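**Q** I'm passing along input.pdb; it holds PDB, C-alpha atoms.
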```
ATOM      1  CA  ILE A   1       8.856  11.155   8.229
ATOM      2  CA  GLY A   2       5.688   9.626   6.773
ATOM      3  CA  ALA A   3       2.804   9.657   9.251
ATOM      4  CA  VAL A   4      -0.775  10.838   9.751
ATOM      5  CA  PRO A   5      -0.548  13.151  12.802
ATOM      6  CA  GLU A   6      -4.123  12.793  14.068
ATOM      7  CA  TYR A   7      -3.468   9.244  15.311
ATOM      8  CA  HIS A   8      -0.685  10.258  17.682
ATOM      9  CA  LYS A   9      -1.064  12.124  20.936
ATOM     10  CA  GLN A  10       2.285  13.716  20.056
ATOM     11  CA  ARG A  11       2.089  16.525  17.504
ATOM     12  CA  SER A  12       5.142  17.619  15.463
ATOM     13  CA  LEU A  13       6.220  13.990  15.341
ATOM     14  CA  ALA A  14       9.277  14.684  13.187
ATOM     15  CA  GLY A  15      10.816  16.655  16.040
ATOM     16  CA  VAL A  16      10.539  13.733  18.447
ATOM     17  CA  VAL A  17      12.029  11.297  15.926
ATOM     18  CA  GLN A  18      14.984  13.572  15.177
ATOM     19  CA  GLU A  19      15.711  13.871  18.879
ATOM     20  CA  TYR A  20      15.551  10.132  19.623
ATOM     21  CA  LEU A  21      17.739   9.306  16.619
ATOM     22  CA  GLY A  22      20.312  11.974  17.394
ATOM     23  CA  LEU A  23      19.683  13.842  14.142
ATOM     24  CA  VAL A  24      19.752  17.356  15.618
ATOM     25  CA  PRO A  25      20.580  19.776  13.957
ATOM     26  CA  ARG A  26      19.886  18.017  10.645
ATOM     27  CA  PRO A  27      16.570  18.891   8.996
ATOM     28  CA  THR A  28      13.538  16.647   9.414
ATOM     29  CA  TRP A  29      10.011  17.110   8.171
ATOM     30  CA  LEU A  30       6.643  15.388   8.038
ATOM     31  CA  THR A  31       4.962  14.253   4.819
ATOM     32  CA  GLU A  32       1.252  13.389   4.922
ATOM     33  CA  VAL A  33      -1.019  11.964   2.221
ATOM     34  CA  ALA A  34      -3.268   9.693   4.294
ATOM     35  CA  CYS A  35      -2.435   6.018   3.621
ATOM     36  CA  ALA A  36       0.189   7.044   1.059
ATOM     37  CA  SER A  37       2.184   9.185   3.514
ATOM     38  CA  GLY A  38       5.195   6.856   3.578
ATOM     39  CA  SER A  39       5.337   6.612  -0.207
ATOM     40  CA  ALA A  40       5.012  10.391  -0.481
ATOM     41  CA  ALA A  41       7.942  10.741   1.926
ATOM     42  CA  ILE A  42      10.014   8.507  -0.379
ATOM     43  CA  ARG A  43       9.116  10.686  -3.360
ATOM     44  CA  THR A  44       9.998  13.825  -1.392
ATOM     45  CA  ALA A  45      13.352  12.341  -0.392
ATOM     46  CA  TRP A  46      14.073  11.403  -4.026
ATOM     47  CA  MET A  47      13.337  14.967  -5.120
ATOM     48  CA  ALA A  48      15.607  16.370  -2.401
ATOM     49  CA  ILE A  49      18.467  14.148  -3.578
ATOM     50  CA  ARG A  50      17.895  14.826  -7.276
ATOM     51  CA  SER A  51      17.890  18.554  -6.602
ATOM     52  CA  GLY A  52      21.324  18.279  -5.006
ATOM     53  CA  LEU A  53      20.080  19.603  -1.677
ATOM     54  CA  HIS A  54      20.874  16.312   0.107
ATOM     55  CA  ASP A  55      22.820  13.214  -0.858
ATOM     56  CA  VAL A  56      21.506  10.799   1.805
ATOM     57  CA  VAL A  57      18.002  10.834   3.295
ATOM     58  CA  ALA A  58      16.423   8.459   5.820
ATOM     59  CA  VAL A  59      12.725   7.911   5.140
ATOM     60  CA  ILE A  60      10.874   6.738   8.243
ATOM     61  CA  GLY A  61       7.250   5.670   8.181
ATOM     62  CA  CYS A  62       5.588   5.289  11.569
ATOM     63  CA  GLN A  63       2.138   5.094  13.087
ATOM     64  CA  LYS A  64       0.797   4.226  16.532
ATOM     65  CA  MET A  65      -2.902   3.553  16.160
ATOM     66  CA  THR A  66      -3.767   1.424  19.180
ATOM     67  CA  GLU A  67      -4.033   4.431  21.489
ATOM     68  CA  LEU A  68      -7.368   5.135  19.800
ATOM     69  CA  SER A  69     -10.538   3.059  19.816
ATOM     70  CA  THR A  70     -11.972   1.549  16.652
ATOM     71  CA  PRO A  71     -14.823   4.114  16.517
ATOM     72  CA  GLU A  72     -12.281   6.949  16.835
ATOM     73  CA  ILE A  73     -10.170   5.491  14.023
ATOM     74  CA  LEU A  74     -13.234   4.999  11.820
ATOM     75  CA  ALA A  75     -14.191   8.642  12.364
ATOM     76  CA  LEU A  76     -10.676   9.835  11.524
ATOM     77  CA  MET A  77     -10.479   7.727   8.372
ATOM     78  CA  GLY A  78     -13.955   8.848   7.395
ATOM     79  CA  ARG A  79     -12.649  12.416   7.282
ATOM     80  CA  VAL A  80     -10.146  11.353   4.615
ATOM     81  CA  GLY A  81     -13.261  11.302   2.482
ATOM     82  CA  GLU A  82     -14.804  14.639   1.610
ATOM     83  CA  VAL A  83     -16.071  16.289   4.807
ATOM     84  CA  GLN A  84     -18.737  18.582   3.366
ATOM     85  CA  TRP A  85     -20.843  16.050   1.473
ATOM     86  CA  GLU A  86     -19.745  12.584   2.621
ATOM     87  CA  SER A  87     -18.099  11.923   5.985
ATOM     88  CA  GLY A  88     -20.606  14.120   7.798
ATOM     89  CA  PHE A  89     -23.258  11.593   6.836
ATOM     90  CA  GLY A  90     -21.443   8.664   8.424
ATOM     91  CA  THR A  91     -19.275   7.298   5.615
ATOM     92  CA  THR A  92     -16.482   4.921   6.652
ATOM     93  CA  PHE A  93     -13.740   3.254   4.660
ATOM     94  CA  PRO A  94     -15.330  -0.214   4.830
ATOM     95  CA  GLY A  95     -18.463   1.458   3.461
ATOM     96  CA  TYR A  96     -16.627   3.189   0.621
ATOM     97  CA  TYR A  97     -14.810   0.074  -0.515
ATOM     98  CA  ALA A  98     -17.950  -2.024  -0.100
ATOM     99  CA  MET A  99     -19.588   0.278  -2.659
ATOM    100  CA  PHE A 100     -16.635  -0.287  -4.989
ATOM    101  CA  ALA A 101     -16.950  -4.039  -4.502
ATOM    102  CA  ARG A 102     -20.698  -4.116  -5.126
ATOM    103  CA  ARG A 103     -20.306  -2.133  -8.333
ATOM    104  CA  HIS A 104     -17.412  -4.313  -9.507
ATOM    105  CA  MET A 105     -19.523  -7.404  -8.894
ATOM    106  CA  HIS A 106     -22.428  -5.861 -10.774
ATOM    107  CA  GLU A 107     -20.442  -4.740 -13.821
ATOM    108  CA  PHE A 108     -17.947  -7.583 -14.185
ATOM    109  CA  GLY A 109     -19.413 -10.583 -12.397
ATOM    110  CA  THR A 110     -16.752 -10.575  -9.687
ATOM    111  CA  THR A 111     -17.803 -13.104  -7.055
ATOM    112  CA  ARG A 112     -17.749 -13.293  -3.293
ATOM    113  CA  GLU A 113     -15.499 -16.353  -3.583
ATOM    114  CA  GLN A 114     -12.945 -14.374  -5.586
ATOM    115  CA  LEU A 115     -12.755 -11.801  -2.802
ATOM    116  CA  LEU A 116     -12.171 -14.593  -0.314
ATOM    117  CA  GLU A 117      -9.372 -16.025  -2.485
ATOM    118  CA  VAL A 118      -7.460 -12.753  -2.059
ATOM    119  CA  ALA A 119      -7.746 -12.995   1.737
ATOM    120  CA  VAL A 120      -6.706 -16.668   1.821
ATOM    121  CA  LYS A 121      -3.694 -16.017  -0.438
ATOM    122  CA  ASN A 122      -2.422 -13.057   1.553
ATOM    123  CA  HIS A 123      -2.830 -14.751   4.930
ATOM    124  CA  HIS A 124      -0.929 -17.756   3.538
ATOM    125  CA  TYR A 125       2.102 -15.569   2.842
ATOM    126  CA  GLY A 126       1.642 -13.499   5.976
ATOM    127  CA  ALA A 127       2.037 -16.701   7.987
ATOM    128  CA  MET A 128       5.594 -16.872   6.606
ATOM    129  CA  ASN A 129       6.414 -13.225   7.343
ATOM    130  CA  PRO A 130       8.007 -12.652  10.766
ATOM    131  CA  ARG A 131       6.941  -8.990  10.633
ATOM    132  CA  ALA A 132       3.262  -9.661   9.946
ATOM    133  CA  LEU A 133       0.672  -8.900  12.603
ATOM    134  CA  PHE A 134      -1.414 -11.978  11.758
ATOM    135  CA  ARG A 135       0.793 -15.006  11.154
ATOM    136  CA  LYS A 136      -1.925 -17.587  10.687
ATOM    137  CA  GLU A 137      -3.378 -19.099   7.548
ATOM    138  CA  ILE A 138      -7.130 -19.030   7.013
ATOM    139  CA  THR A 139      -9.539 -21.038   4.891
ATOM    140  CA  LYS A 140     -12.317 -19.736   2.680
ATOM    141  CA  GLU A 141     -14.763 -21.422   5.026
ATOM    142  CA  LYS A 142     -13.384 -19.557   8.046
ATOM    143  CA  ALA A 143     -13.390 -16.256   6.163
ATOM    144  CA  ALA A 144     -16.957 -16.824   4.938
ATOM    145  CA  ALA A 145     -18.113 -17.549   8.490
ATOM    146  CA  SER A 146     -16.646 -14.363   9.976
ATOM    147  CA  GLU A 147     -18.795 -11.441  11.102
ATOM    148  CA  ASP A 148     -20.331  -9.036   8.601
ATOM    149  CA  VAL A 149     -18.737  -5.587   8.313
ATOM    150  CA  ALA A 150     -20.250  -3.840   5.273
ATOM    151  CA  THR A 151     -21.907  -5.915   2.572
ATOM    152  CA  PRO A 152     -20.283  -7.770   0.847
ATOM    153  CA  PHE A 153     -17.355  -7.525   3.303
ATOM    154  CA  GLN A 154     -16.781  -9.665   6.344
ATOM    155  CA  VAL A 155     -13.979  -9.447   8.886
ATOM    156  CA  TYR A 156     -11.394 -11.222   6.722
ATOM    157  CA  ASP A 157     -11.985  -8.843   3.814
ATOM    158  CA  CYS A 158     -10.649  -5.951   5.877
ATOM    159  CA  CYS A 159      -7.152  -5.012   7.023
ATOM    160  CA  ALA A 160      -6.511  -4.290  10.684
ATOM    161  CA  ASN A 161      -5.439  -1.133  12.478
ATOM    162  CA  ALA A 162      -1.894  -1.625  13.739
ATOM    163  CA  ASP A 163       1.177  -0.014  15.222
ATOM    164  CA  GLY A 164       4.279  -0.163  13.086
ATOM    165  CA  ALA A 165       7.349   1.496  11.650
ATOM    166  CA  ALA A 166       9.740   1.025   8.745
ATOM    167  CA  CYS A 167      12.777   2.810   7.356
ATOM    168  CA  VAL A 168      14.619   2.991   4.041
ATOM    169  CA  ILE A 169      17.766   4.949   3.205
ATOM    170  CA  LEU A 170      17.835   6.831  -0.102
ATOM    171  CA  ALA A 171      21.097   8.110  -1.494
ATOM    172  CA  SER A 172      22.560   9.586  -4.633
ATOM    173  CA  GLU A 173      24.007   7.034  -7.050
ATOM    174  CA  GLU A 174      27.589   7.768  -6.002
ATOM    175  CA  ARG A 175      26.833   7.500  -2.281
ATOM    176  CA  ALA A 176      24.625   4.431  -2.763
ATOM    177  CA  ARG A 177      27.441   2.536  -4.472
ATOM    178  CA  ALA A 178      29.793   3.507  -1.647
ATOM    179  CA  LEU A 179      27.353   2.627   1.133
ATOM    180  CA  SER A 180      25.886  -0.663  -0.095
ATOM    181  CA  PRO A 181      27.302  -3.701  -1.896
ATOM    182  CA  HIS A 182      23.792  -4.476  -3.156
ATOM    183  CA  PRO A 183      21.960  -1.227  -3.948
ATOM    184  CA  VAL A 184      18.390  -1.364  -5.208
ATOM    185  CA  TRP A 185      17.617   1.370  -7.716
ATOM    186  CA  LEU A 186      14.472   3.493  -7.747
ATOM    187  CA  SER A 187      14.018   3.483 -11.508
ATOM    188  CA  GLY A 188      10.463   4.725 -12.012
ATOM    189  CA  MET A 189       8.039   6.944 -10.141
ATOM    190  CA  GLY A 190       4.534   8.205 -10.744
ATOM    191  CA  CYS A 191       2.042  10.260  -8.785
ATOM    192  CA  ALA A 192      -1.503  11.275  -9.665
ATOM    193  CA  THR A 193      -4.751  12.346  -8.052
ATOM    194  CA  ALA A 194      -8.482  11.800  -8.507
ATOM    195  CA  SER A 195     -11.600  13.413  -7.114
ATOM    196  CA  MET A 196     -11.709  13.429  -3.328
ATOM    197  CA  SER A 197     -15.446  12.842  -3.436
ATOM    198  CA  VAL A 198     -16.869   9.656  -4.924
ATOM    199  CA  LEU A 199     -19.914  11.738  -5.919
ATOM    200  CA  ARG A 200     -17.778  13.400  -8.601
ATOM    201  CA  ARG A 201     -16.184  10.263 -10.000
ATOM    202  CA  PRO A 202     -17.391   8.923 -13.336
ATOM    203  CA  SER A 203     -17.110   5.322 -12.137
ATOM    204  CA  LEU A 204     -16.831   3.354  -8.890
ATOM    205  CA  VAL A 205     -14.950   0.399 -10.371
ATOM    206  CA  GLY A 206     -11.611   1.972 -11.295
ATOM    207  CA  LEU A 207      -8.686   3.763  -9.687
ATOM    208  CA  PRO A 208      -7.829   6.495 -12.202
ATOM    209  CA  SER A 209      -5.074   7.925  -9.993
ATOM    210  CA  ALA A 210      -3.351   4.523  -9.953
ATOM    211  CA  GLU A 211      -3.708   4.132 -13.711
ATOM    212  CA  GLN A 212      -2.134   7.534 -14.372
ATOM    213  CA  ALA A 213       0.640   7.095 -11.783
ATOM    214  CA  ALA A 214       1.480   3.669 -13.207
ATOM    215  CA  ARG A 215       1.788   5.068 -16.733
ATOM    216  CA  GLN A 216       4.220   7.705 -15.458
ATOM    217  CA  ALA A 217       6.302   5.147 -13.566
ATOM    218  CA  TYR A 218       6.466   2.692 -16.485
ATOM    219  CA  ALA A 219       7.520   5.475 -18.852
ATOM    220  CA  MET A 220      10.222   6.710 -16.477
ATOM    221  CA  ALA A 221      11.602   3.198 -15.947
ATOM    222  CA  GLY A 222      11.335   2.323 -19.640
ATOM    223  CA  ILE A 223       9.391  -0.869 -18.956
ATOM    224  CA  GLY A 224       5.829  -2.198 -19.094
ATOM    225  CA  PRO A 225       3.597  -4.254 -16.789
ATOM    226  CA  ARG A 226       4.967  -7.543 -18.174
ATOM    227  CA  ASP A 227       8.454  -6.655 -16.946
ATOM    228  CA  VAL A 228       7.355  -6.503 -13.292
ATOM    229  CA  LYS A 229       8.156  -9.722 -11.409
ATOM    230  CA  VAL A 230       6.757  -8.946  -7.954
ATOM    231  CA  ALA A 231       4.354  -6.355  -6.545
ATOM    232  CA  ASP A 232       3.376  -5.320  -3.036
ATOM    233  CA  VAL A 233       0.051  -3.537  -3.382
ATOM    234  CA  HIS A 234      -2.491  -1.669  -1.295
ATOM    235  CA  ASP A 235      -5.030  -4.332  -0.206
ATOM    236  CA  CYS A 236      -6.796  -2.459   2.589
ATOM    237  CA  PHE A 237      -9.826  -4.498   1.510
ATOM    238  CA  THR A 238      -9.925  -7.558  -0.730
ATOM    239  CA  ILE A 239     -11.528  -5.590  -3.563
ATOM    240  CA  ALA A 240      -8.634  -3.114  -3.412
ATOM    241  CA  GLU A 241      -6.088  -5.712  -4.574
ATOM    242  CA  ILE A 242      -8.410  -6.681  -7.422
ATOM    243  CA  MET A 243      -8.864  -3.066  -8.521
ATOM    244  CA  VAL A 244      -5.168  -2.229  -8.190
ATOM    245  CA  VAL A 245      -3.908  -5.118 -10.339
ATOM    246  CA  GLU A 246      -6.321  -3.913 -13.023
ATOM    247  CA  ALA A 247      -5.216  -0.287 -12.712
ATOM    248  CA  LEU A 248      -1.545  -1.278 -12.982
ATOM    249  CA  GLY A 249      -2.171  -3.039 -16.286
ATOM    250  CA  PHE A 250      -1.482  -6.533 -14.961
ATOM    251  CA  CYS A 251      -4.807  -7.636 -16.441
ATOM    252  CA  GLU A 252      -7.797  -6.126 -18.226
ATOM    253  CA  GLN A 253     -10.355  -4.173 -16.240
ATOM    254  CA  GLY A 254     -12.921  -6.581 -14.899
ATOM    255  CA  LYS A 255     -10.489  -9.516 -14.921
ATOM    256  CA  GLY A 256      -8.883  -8.797 -11.546
ATOM    257  CA  GLY A 257     -11.230 -11.084  -9.663
ATOM    258  CA  CYS A 258      -9.825 -14.286 -11.149
ATOM    259  CA  GLN A 259      -6.136 -13.460 -10.641
ATOM    260  CA  ALA A 260      -5.828 -14.926  -7.131
ATOM    261  CA  SER A 261      -8.102 -17.916  -7.768
ATOM    262  CA  SER A 262      -6.158 -18.823 -10.929
ATOM    263  CA  GLY A 263      -2.845 -18.783  -9.061
ATOM    264  CA  ARG A 264      -1.414 -16.043 -11.277
ATOM    265  CA  THR A 265      -0.732 -13.735  -8.313
ATOM    266  CA  ALA A 266       0.639 -16.494  -6.056
ATOM    267  CA  LEU A 267       4.276 -17.543  -5.655
ATOM    268  CA  GLY A 268       5.127 -19.527  -8.754
ATOM    269  CA  GLY A 269       2.554 -17.594 -10.772
ATOM    270  CA  ALA A 270       3.299 -15.131 -13.548
ATOM    271  CA  LEU A 271       3.147 -12.134 -11.177
ATOM    272  CA  PRO A 272       3.243 -12.730  -7.413
ATOM    273  CA  VAL A 273       1.286 -10.032  -5.596
ATOM    274  CA  ASN A 274       1.696  -9.395  -1.872
ATOM    275  CA  PRO A 275       4.041 -12.255  -0.939
ATOM    276  CA  SER A 276       4.550 -10.192   2.228
ATOM    277  CA  GLY A 277       0.968 -10.959   3.251
ATOM    278  CA  GLY A 278      -0.170  -7.486   2.253
ATOM    279  CA  LEU A 279      -2.051  -5.143   4.525
ATOM    280  CA  LYS A 280      -4.510  -7.969   5.143
ATOM    281  CA  SER A 281      -1.964  -9.966   7.091
ATOM    282  CA  LYS A 282       0.707  -7.412   8.020
ATOM    283  CA  GLY A 283      -1.779  -4.872   9.321
ATOM    284  CA  HIS A 284      -2.014  -1.257   8.187
ATOM    285  CA  PRO A 285      -0.113   1.270  10.347
ATOM    286  CA  VAL A 286      -1.161   4.025   7.989
ATOM    287  CA  GLY A 287       1.936   6.237   7.762
ATOM    288  CA  ALA A 288       4.349   3.285   7.867
ATOM    289  CA  THR A 289       2.800   1.099   5.176
ATOM    290  CA  GLY A 290       4.275   2.740   2.089
ATOM    291  CA  VAL A 291       7.784   2.510   3.540
ATOM    292  CA  ALA A 292       7.158  -1.101   4.613
ATOM    293  CA  GLN A 293       6.259  -1.891   1.002
ATOM    294  CA  ALA A 294       9.613  -0.455  -0.084
ATOM    295  CA  VAL A 295      11.374  -2.639   2.482
ATOM    296  CA  GLU A 296       9.529  -5.711   1.197
ATOM    297  CA  ILE A 297      10.414  -5.124  -2.443
ATOM    298  CA  THR A 298      14.034  -4.374  -1.529
ATOM    299  CA  THR A 299      14.125  -7.659   0.404
ATOM    300  CA  GLN A 300      12.700  -9.524  -2.586
ATOM    301  CA  LEU A 301      15.095  -7.983  -5.104
ATOM    302  CA  ARG A 302      18.051  -8.859  -2.888
ATOM    303  CA  GLY A 303      16.872 -12.476  -2.664
ATOM    304  CA  GLU A 304      16.453 -12.285   1.123
ATOM    305  CA  ALA A 305      12.748 -13.136   1.517
ATOM    306  CA  GLU A 306      13.363 -16.811   2.400
ATOM    307  CA  LYS A 307      10.157 -18.866   2.085
ATOM    308  CA  ARG A 308       8.378 -15.912   0.485
ATOM    309  CA  GLN A 309      11.078 -15.356  -2.113
ATOM    310  CA  VAL A 310      10.004 -14.762  -5.717
ATOM    311  CA  LYS A 311      12.584 -16.575  -7.829
ATOM    312  CA  GLY A 312      14.536 -14.393 -10.210
ATOM    313  CA  ALA A 313      12.829 -11.164  -9.120
ATOM    314  CA  ARG A 314      14.773  -8.228 -10.562
ATOM    315  CA  VAL A 315      11.995  -5.660 -11.002
ATOM    316  CA  GLY A 316       9.443  -4.881  -8.300
ATOM    317  CA  LEU A 317       6.568  -2.427  -8.035
ATOM    318  CA  THR A 318       4.758  -0.765  -5.145
ATOM    319  CA  PRO A 319       1.566   1.248  -5.652
ATOM    320  CA  LYS A 320       0.242   3.136  -2.623
ATOM    321  CA  THR A 321      -3.205   4.643  -2.601
ATOM    322  CA  GLY A 322      -4.046   7.563  -0.349
ATOM    323  CA  GLY A 323      -7.539   7.459   1.056
ATOM    324  CA  LYS A 324      -9.982   5.886  -1.372
ATOM    325  CA  GLY A 325      -7.957   6.702  -4.466
ATOM    326  CA  ALA A 326      -7.749  10.491  -4.168
ATOM    327  CA  SER A 327      -4.002  10.111  -4.694
ATOM    328  CA  THR A 328      -1.717   7.243  -5.681
ATOM    329  CA  LEU A 329       2.045   6.919  -5.837
ATOM    330  CA  VAL A 330       3.695   4.137  -7.855
ATOM    331  CA  HIS A 331       7.374   3.240  -7.416
ATOM    332  CA  ILE A 332       9.383   0.808  -9.530
ATOM    333  CA  ARG A 333      12.620  -0.666  -8.198
ATOM    334  CA  GLY A 334      15.217  -2.843  -9.841
ATOM    335  CA  VAL A 335      18.650  -4.389  -9.443
ATOM    336  CA  ALA A 336      21.471  -4.260 -11.956
TER     337      ALA A 336
END
```
Using structure tokens, write down the structure from this file.

**A**
Amino acid sequence: IGAVPEYHKQRSLAGVVQEYLGLVPRPTWLTEVACASGSAAIRTAWMAIRSGLHDVVAVIGCQKMTELSTPEILALMGRVGEVQWESGFGTTFPGYYAMFARRHMHEFGTTREQLLEVAVKNHHYGAMNPRALFRKEITKEKAAASEDVATPFQVYDCCANADGAACVILASEERARALSPHPVWLSGMGCATASMSVLRRPSLVGLPSAEQAARQAYAMAGIGPRDVKVADVHDCFTIAEIMVVEALGFCEQGKGGCQASSGRTALGGALPVNPSGGLKSKGHPVGATGVAQAVEITTQLRGEAEKRQVKGARVGLTPKTGGKGASTLVHIRGVA
């Protein structure tokens, strides 16, 4: 189970899930790495299968966030930052990522319009996704007229709190071939960490944990960034998509801002990013999001994404950042 327990009134969530699904007496456990909890659960399941301890594992990501108010959620997410020197002084995630955006704009000339292009693109694809929370397209004008959140962010730069759940089944190669006529293979994985506190980071414009995790995943899969045909990335804020595509090696650092505006990350472009609508349009049920990304890439690689389908997609990538980059997991999937 991938989930962040503080959002639920129910503690020991894995026990409730096992009971409702009739899994007793099979083992269940909770995996938590903030926003990357679902992706960490996938990695844990993979390790359990590779070790020979299990041959089939259900990975369930779930989060119910609407029982809490926005101020309560902001306070909880603030504590994903370092408590001693940061969150105690009122830091919030919009504030953290706004600092990243301001620095990126200062160092590389990234523009407000480029941020808006990310939001417009992702809402365009979210409108086609029956599982998205917000299924409406937006214009740059509408986004630019929305309320301020944390400079330079406005409402449409930020993902929404949401309820949600997703599930993927991992199995050993032998069982996967027996269970599914169209298995999708988990061919590369990477996981890395960075300083919890932004005070200790050498730069505010990069995601070193994503860079390191991506290198591990590419090496394990025996491919490079140019081999990836579709990616579902962590766009909790518009600047996050820009920083992630740079960290994954899809473009040079500082060049992420022009990827959406140039059409490169749109359907029909060289590397479609977030044809699901991303967190911006789907919403961000924290513990469920990493598993939902896996579902999206599996759907794409099986050619089942309908209007959102990336033609000829055979290799897909999902990076999931925990918190503000303190940890990142990168998974690469492919079809034979």

**Q** Closest to Thr70 of chain A among A:Ala3, A:Ala160, A:Val57, A:Ala41, using all atoms listed in the file?

**A**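 Closest to Thr70 of chain A of all the choices is A:Ala160.
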
**Q** Which residues are close to segment 310-324 of chain A, i.e. within 6 Å by only C-alpha atoms, leaving aside same-chain residues fewer than 5 positions away? Reply as a ChimeraX atom specification.

**A** /A:33-36,80,228-234,297,301,329-335

**Q** Please, what distance in Å, to one decimal, runs between atom CA of Met196 of chain A and atom CA of Ile1 of chain A?

**A**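 A separation of 23.7 Å between them.
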
**Q** Provide the atom CA of Leu76 of chain A to atom CA of Ala326 of chain A distance in Å, to one decimal place.

**A** 16.0 Å

**Q** Step by step, work through what the PyMOL selection byres ((chain A and resi 82) around 6) selects in the shown file, and finish by giving those residues as a list in words.

**A**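 Applying the PyMOL selection byres ((chain A and resi 82) around 6) to the structure shown produces Gly81, Val83, Gln84, Glu86, Met196 and Ser197 of chain A.
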